[in-house]
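**Student:** This is structure37.pdb (PDB, C-alpha atoms).
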```pdb
ATOM      1  CA  MET A  31     -78.099 -57.325-163.951  1.00  0.00           C
ATOM      2  CA  SER A  32     -76.842 -57.512-167.498  1.00  0.00           C
ATOM      3  CA  ARG A  33     -77.097 -60.716-169.469  1.00  0.00           C
ATOM      4  CA  PRO A  34     -74.804 -63.584-168.473  1.00  0.00           C
ATOM      5  CA  ARG A  35     -71.735 -63.978-170.658  1.00  0.00           C
ATOM      6  CA  VAL A  36     -69.885 -66.772-168.843  1.00  0.00           C
ATOM      7  CA  LEU A  37     -70.742 -70.371-167.940  1.00  0.00           C
ATOM      8  CA  ILE A  38     -68.654 -71.875-165.141  1.00  0.00           C
ATOM      9  CA  VAL A  39     -68.686 -75.655-164.723  1.00  0.00           C
ATOM     10  CA  ASP A  40     -67.093 -77.303-161.683  1.00  0.00           C
ATOM     11  CA  ASP A  41     -68.169 -80.126-159.382  1.00  0.00           C
ATOM     12  CA  ASP A  42     -66.426 -78.405-156.445  1.00  0.00           C
ATOM     13  CA  THR A  43     -69.171 -76.088-155.207  1.00  0.00           C
ATOM     14  CA  ALA A  44     -66.785 -73.880-153.224  1.00  0.00           C
ATOM     15  CA  LEU A  45     -64.592 -73.195-156.271  1.00  0.00           C
ATOM     16  CA  LEU A  46     -67.701 -72.795-158.418  1.00  0.00           C
ATOM     17  CA  GLU A  47     -69.042 -70.095-156.105  1.00  0.00           C
ATOM     18  CA  ILE A  48     -65.658 -68.349-155.767  1.00  0.00           C
ATOM     19  CA  THR A  49     -65.077 -68.269-159.529  1.00  0.00           C
ATOM     20  CA  SER A  50     -68.620 -67.085-160.193  1.00  0.00           C
ATOM     21  CA  ALA A  51     -68.341 -64.314-157.589  1.00  0.00           C
ATOM     22  CA  ALA A  52     -64.985 -63.239-159.042  1.00  0.00           C
ATOM     23  CA  CYS A  53     -66.442 -63.047-162.564  1.00  0.00           C
ATOM     24  CA  GLU A  54     -69.381 -61.008-161.265  1.00  0.00           C
ATOM     25  CA  ALA A  55     -67.052 -58.663-159.348  1.00  0.00           C
ATOM     26  CA  LEU A  56     -65.024 -58.141-162.523  1.00  0.00           C
ATOM     27  CA  GLY A  57     -68.183 -57.182-164.424  1.00  0.00           C
ATOM     28  CA  TYR A  58     -68.828 -60.458-166.241  1.00  0.00           C
ATOM     29  CA  PRO A  59     -72.169 -61.962-165.176  1.00  0.00           C
ATOM     30  CA  ALA A  60     -71.906 -65.731-164.895  1.00  0.00           C
ATOM     31  CA  LEU A  61     -74.112 -68.793-164.713  1.00  0.00           C
ATOM     32  CA  THR A  62     -72.971 -72.004-163.048  1.00  0.00           C
ATOM     33  CA  ALA A  63     -73.343 -75.748-163.434  1.00  0.00           C
ATOM     34  CA  SER A  64     -71.946 -78.561-161.314  1.00  0.00           C
ATOM     35  CA  SER A  65     -72.243 -81.357-163.896  1.00  0.00           C
ATOM     36  CA  ALA A  66     -72.028 -81.953-167.626  1.00  0.00           C
ATOM     37  CA  PRO A  67     -75.801 -82.459-168.106  1.00  0.00           C
ATOM     38  CA  GLU A  68     -76.518 -79.290-166.137  1.00  0.00           C
ATOM     39  CA  ALA A  69     -73.979 -77.332-168.220  1.00  0.00           C
ATOM     40  CA  LEU A  70     -75.546 -78.488-171.482  1.00  0.00           C
ATOM     41  CA  ALA A  71     -78.993 -77.484-170.202  1.00  0.00           C
ATOM     42  CA  VAL A  72     -77.761 -74.036-169.131  1.00  0.00           C
ATOM     43  CA  LEU A  73     -76.138 -73.415-172.519  1.00  0.00           C
ATOM     44  CA  SER A  74     -79.323 -74.540-174.273  1.00  0.00           C
ATOM     45  CA  GLU A  75     -81.354 -72.067-172.198  1.00  0.00           C
ATOM     46  CA  HIS A  76     -78.798 -69.255-172.663  1.00  0.00           C
ATOM     47  CA  PRO A  77     -77.395 -69.500-176.200  1.00  0.00           C
ATOM     48  CA  SER A  78     -75.872 -66.018-175.960  1.00  0.00           C
ATOM     49  CA  LEU A  79     -73.168 -67.214-173.541  1.00  0.00           C
ATOM     50  CA  GLU A  80     -69.741 -66.385-174.921  1.00  0.00           C
ATOM     51  CA  LEU A  81     -67.325 -68.274-172.661  1.00  0.00           C
ATOM     52  CA  ALA A  82     -67.336 -71.595-170.821  1.00  0.00           C
ATOM     53  CA  ILE A  83     -64.853 -72.118-167.996  1.00  0.00           C
ATOM     54  CA  VAL A  84     -64.806 -75.886-167.470  1.00  0.00           C
ATOM     55  CA  ASP A  85     -63.127 -78.015-164.812  1.00  0.00           C
ATOM     56  CA  VAL A  86     -61.255 -80.870-166.475  1.00  0.00           C
ATOM     57  CA  THR A  87     -62.389 -83.423-163.874  1.00  0.00           C
ATOM     58  CA  LEU A  88     -66.112 -83.310-163.158  1.00  0.00           C
ATOM     59  CA  GLY A  89     -66.521 -85.951-160.483  1.00  0.00           C
ATOM     60  CA  PRO A  90     -66.166 -89.686-160.985  1.00  0.00           C
ATOM     61  CA  ASP A  91     -68.140 -89.788-164.231  1.00  0.00           C
ATOM     62  CA  GLY A  92     -67.306 -86.446-165.807  1.00  0.00           C
ATOM     63  CA  ASP A  93     -64.631 -85.414-168.280  1.00  0.00           C
ATOM     64  CA  GLY A  94     -64.368 -81.692-168.864  1.00  0.00           C
ATOM     65  CA  PHE A  95     -62.661 -82.137-172.227  1.00  0.00           C
ATOM     66  CA  GLU A  96     -65.580 -84.244-173.477  1.00  0.00           C
ATOM     67  CA  LEU A  97     -68.000 -81.668-172.101  1.00  0.00           C
ATOM     68  CA  GLY A  98     -66.108 -78.938-173.951  1.00  0.00           C
ATOM     69  CA  ASP A  99     -66.527 -80.875-177.180  1.00  0.00           C
ATOM     70  CA  ASP A 100     -70.256 -81.261-176.481  1.00  0.00           C
ATOM     71  CA  LEU A 101     -70.655 -77.567-175.637  1.00  0.00           C
ATOM     72  CA  ALA A 102     -68.903 -76.590-178.868  1.00  0.00           C
ATOM     73  CA  VAL A 103     -71.280 -78.543-181.117  1.00  0.00           C
ATOM     74  CA  GLY A 104     -72.850 -75.895-183.307  1.00  0.00           C
ATOM     75  CA  ARG A 105     -71.165 -73.158-181.253  1.00  0.00           C
ATOM     76  CA  LYS A 106     -67.783 -72.483-182.843  1.00  0.00           C
ATOM     77  CA  ASP A 107     -68.079 -68.953-181.416  1.00  0.00           C
ATOM     78  CA  LEU A 108     -68.090 -70.254-177.826  1.00  0.00           C
ATOM     79  CA  ALA A 109     -64.694 -69.746-176.211  1.00  0.00           C
ATOM     80  CA  ILE A 110     -63.696 -72.558-173.865  1.00  0.00           C
ATOM     81  CA  VAL A 111     -61.161 -72.411-171.059  1.00  0.00           C
ATOM     82  CA  TYR A 112     -60.320 -75.502-169.046  1.00  0.00           C
ATOM     83  CA  LEU A 113     -59.198 -75.478-165.422  1.00  0.00           C
ATOM     84  CA  SER A 114     -57.399 -78.332-163.696  1.00  0.00           C
ATOM     85  CA  GLY A 115     -56.135 -78.929-160.201  1.00  0.00           C
ATOM     86  CA  PHE A 116     -53.731 -81.517-161.588  1.00  0.00           C
ATOM     87  CA  GLY A 117     -50.511 -80.304-163.205  1.00  0.00           C
ATOM     88  CA  ASP A 118     -50.288 -83.143-165.741  1.00  0.00           C
ATOM     89  CA  GLN A 119     -53.628 -82.159-167.273  1.00  0.00           C
ATOM     90  CA  VAL A 120     -52.490 -78.602-167.908  1.00  0.00           C
ATOM     91  CA  ASP A 121     -50.214 -79.925-170.644  1.00  0.00           C
ATOM     92  CA  ARG A 122     -52.959 -82.045-172.236  1.00  0.00           C
ATOM     93  CA  PRO A 123     -54.004 -80.402-175.489  1.00  0.00           C
ATOM     94  CA  ALA A 124     -57.608 -79.377-175.849  1.00  0.00           C
ATOM     95  CA  LYS A 125     -59.398 -80.404-179.044  1.00  0.00           C
ATOM     96  CA  HIS A 126     -61.549 -77.289-179.188  1.00  0.00           C
ATOM     97  CA  SER A 127     -59.866 -74.713-181.392  1.00  0.00           C
ATOM     98  CA  GLY A 128     -58.321 -71.953-179.340  1.00  0.00           C
ATOM     99  CA  ALA A 129     -59.125 -73.583-175.994  1.00  0.00           C
ATOM    100  CA  THR A 130     -56.573 -73.253-173.239  1.00  0.00           C
ATOM    101  CA  VAL A 131     -55.914 -75.211-170.058  1.00  0.00           C
ATOM    102  CA  HIS A 132     -54.978 -73.431-166.825  1.00  0.00           C
ATOM    103  CA  ARG A 133     -54.135 -74.650-163.354  1.00  0.00           C
ATOM    104  CA  LYS A 134     -56.779 -73.947-160.725  1.00  0.00           C
ATOM    105  CA  PRO A 135     -57.490 -72.085-158.668  1.00  0.00           C
ATOM    106  CA  LEU A 136     -56.937 -69.294-161.160  1.00  0.00           C
ATOM    107  CA  PRO A 137     -55.543 -66.163-159.473  1.00  0.00           C
ATOM    108  CA  LEU A 138     -57.825 -63.129-159.745  1.00  0.00           C
ATOM    109  CA  ALA A 139     -55.336 -61.210-161.902  1.00  0.00           C
ATOM    110  CA  ASP A 140     -55.151 -64.143-164.329  1.00  0.00           C
ATOM    111  CA  LEU A 141     -58.951 -64.452-164.400  1.00  0.00           C
ATOM    112  CA  ARG A 142     -59.252 -60.723-165.121  1.00  0.00           C
ATOM    113  CA  ALA A 143     -56.762 -60.990-168.004  1.00  0.00           C
ATOM    114  CA  LEU A 144     -58.454 -64.097-169.387  1.00  0.00           C
ATOM    115  CA  LEU A 145     -61.927 -62.558-169.283  1.00  0.00           C
ATOM    116  CA  GLY A 146     -60.695 -59.321-170.820  1.00  0.00           C
ATOM    117  CA  ALA A 147     -58.869 -61.059-173.649  1.00  0.00           C
ATOM    118  CA  THR A 148     -61.676 -63.507-174.372  1.00  0.00           C
ATOM    119  CA  LEU A 149     -64.691 -61.232-174.045  1.00  0.00           C
ATOM    120  CA  SER A 150     -63.336 -57.909-175.305  1.00  0.00           C
TER     121      SER A 150
END
```
What do you get writing this file as structure tokens?
**Tutor:**
Amino acid sequence: MSRPRVLIVDDDTALLEITSAACEALGYPALTASSAPEALAVLSEHPSLELAIVDVTLGPDGDGFELGDDLAVGRKDLAIVYLSGFGDQVDRPAKHSGATVHRKPLPLADLRALLGATLS
């Protein structure tokens, strides 16, 4: 397996597994985390990651936008994409430069386009 390029963060384990499997099938090895602390630990262990796909709502105590800010500290090269199951959050601007917010679940064609554009 080639080195992981994508970090996927979601507290919904089913969506986490589906998104990870889709990334792998599209040729983009991925690592996963189900919480903000776990995501920060994964990024620390794998500093070569190029993209973080982050759920906006990470359980009762998690905020994906705050996690994105934390992930970006010292990593301006890390692309961040936010996913939300709530339509009103899709319009919420992300602080991280160049970050985008998409409604989840992200269709496979959209994921393919996003990965290709971000990691090309």
**Student:** For Ala109 (chain A), please output as a list of chain:residue names all residues within 10 Å (counting all atoms listed in the file; exclusion window: fewer than 5 positions along the same chain).
**Tutor:**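 With the cut-off at 10 Å, the set is A:Val36, A:Leu79, A:Glu80, A:Leu81, A:Ala82, A:Ile83, A:Gly98, A:Leu101, A:Ala102, A:His126, A:Ser127, A:Gly128, A:Ala129, A:Thr130, A:Thr148, A:Leu149.
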**Student:** Enter the distance from CA of Ala52 (chain A) to CA of Ala66 (chain A), in Å, rounded to one decimal.
**Tutor:** 21.8 Å
**Student:** With distances taken over all atoms listed in the file, which residue among A:Leu46, A:Val39, A:Ala51, A:Leu56 lies nearest Ala69 (chain A)?
**Tutor:**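 Between A:Leu46, A:Val39, A:Ala51, A:Leu56, the residue approaching Ala69 (chain A) most closely is A:Val39.
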**Student:** Which residue out of A:Arg133, A:Gly146, A:Pro67, A:Val86 has the minimum interatomic distance to Arg35 (chain A) when all atoms listed in the file are used?
**Tutor:**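 Of all the options, A:Gly146 lies closest to Arg35 (chain A).
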**Student:** Evaluate the PyMOL selection byres ((chain A and resi 136-144) around 10) on the structure here and hand back the selected residues as a short mmCIF file (atom, residue, chain, number, x, y, z; two decimals) with C-alpha atoms, in the coordinates of the input.
**Tutor:**
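Produced file expr.cif, reproduced below:
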```cif
data_model
loop_
_atom_site.label_atom_id
_atom_site.label_comp_id
_atom_site.auth_asym_id
_atom_site.auth_seq_id
_atom_site.Cartn_x
_atom_site.Cartn_y
_atom_site.Cartn_z
CA LEU A 45 -64.59 -73.19 -156.27
CA THR A 49 -65.08 -68.27 -159.53
CA ALA A 52 -64.98 -63.24 -159.04
CA CYS A 53 -66.44 -63.05 -162.56
CA ALA A 55 -67.05 -58.66 -159.35
CA LEU A 56 -65.02 -58.14 -162.52
CA GLY A 57 -68.18 -57.18 -164.42
CA TYR A 58 -68.83 -60.46 -166.24
CA VAL A 111 -61.16 -72.41 -171.06
CA LEU A 113 -59.20 -75.48 -165.42
CA SER A 114 -57.40 -78.33 -163.70
CA GLY A 115 -56.14 -78.93 -160.20
CA HIS A 132 -54.98 -73.43 -166.82
CA ARG A 133 -54.14 -74.65 -163.35
CA LYS A 134 -56.78 -73.95 -160.72
CA PRO A 135 -57.49 -72.08 -158.67
CA LEU A 145 -61.93 -62.56 -169.28
CA GLY A 146 -60.70 -59.32 -170.82
CA ALA A 147 -58.87 -61.06 -173.65
CA THR A 148 -61.68 -63.51 -174.37
CA LEU A 149 -64.69 -61.23 -174.04
CA SER A 150 -63.34 -57.91 -175.30
#
```
**Student:** Rounded to one decimal in Å, what is the spacing between CA of Pro59 (chain A) and CA of Leu37 (chain A)?
**Tutor:**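 Straight-line distance from CA of Pro59 (chain A) to CA of Leu37 (chain A) works out to 9.0 Å.
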**Student:** Considering all atoms listed in the file, state which residue in the set A:Asp85, A:Asp99, A:Glu54, A:Glu75 is at the smallest distance from Ile38 (chain A).
**Tutor:**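 Counting all atoms listed in the file, the residue closest to Ile38 (chain A) is A:Asp85.
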**Student:** To one decimal in Å, tell me the separation between CA of Arg33 (chain A) and CA of Leu61 (chain A).
**Tutor:**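 Pair CA of Arg33 (chain A) / CA of Leu61 (chain A) returns 9.8 Å.
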**Student:** For the structure shown, which residues end up in the PyMOL selection byres ((chain A and resi 42) around 10)? Put them as a PyMOL selection string, please?
**Tutor:** chain A and resi 39-41+43-47+64-65+85+87-89
**Student:** Would you please work out which residue, of A:Ile48, A:Val84, A:Lys106, A:Asp100, is nearest to Ala71 (chain A) when using only C-alpha atoms?
**Tutor:**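 Counting only C-alpha atoms, the residue closest to Ala71 (chain A) is A:Asp100.
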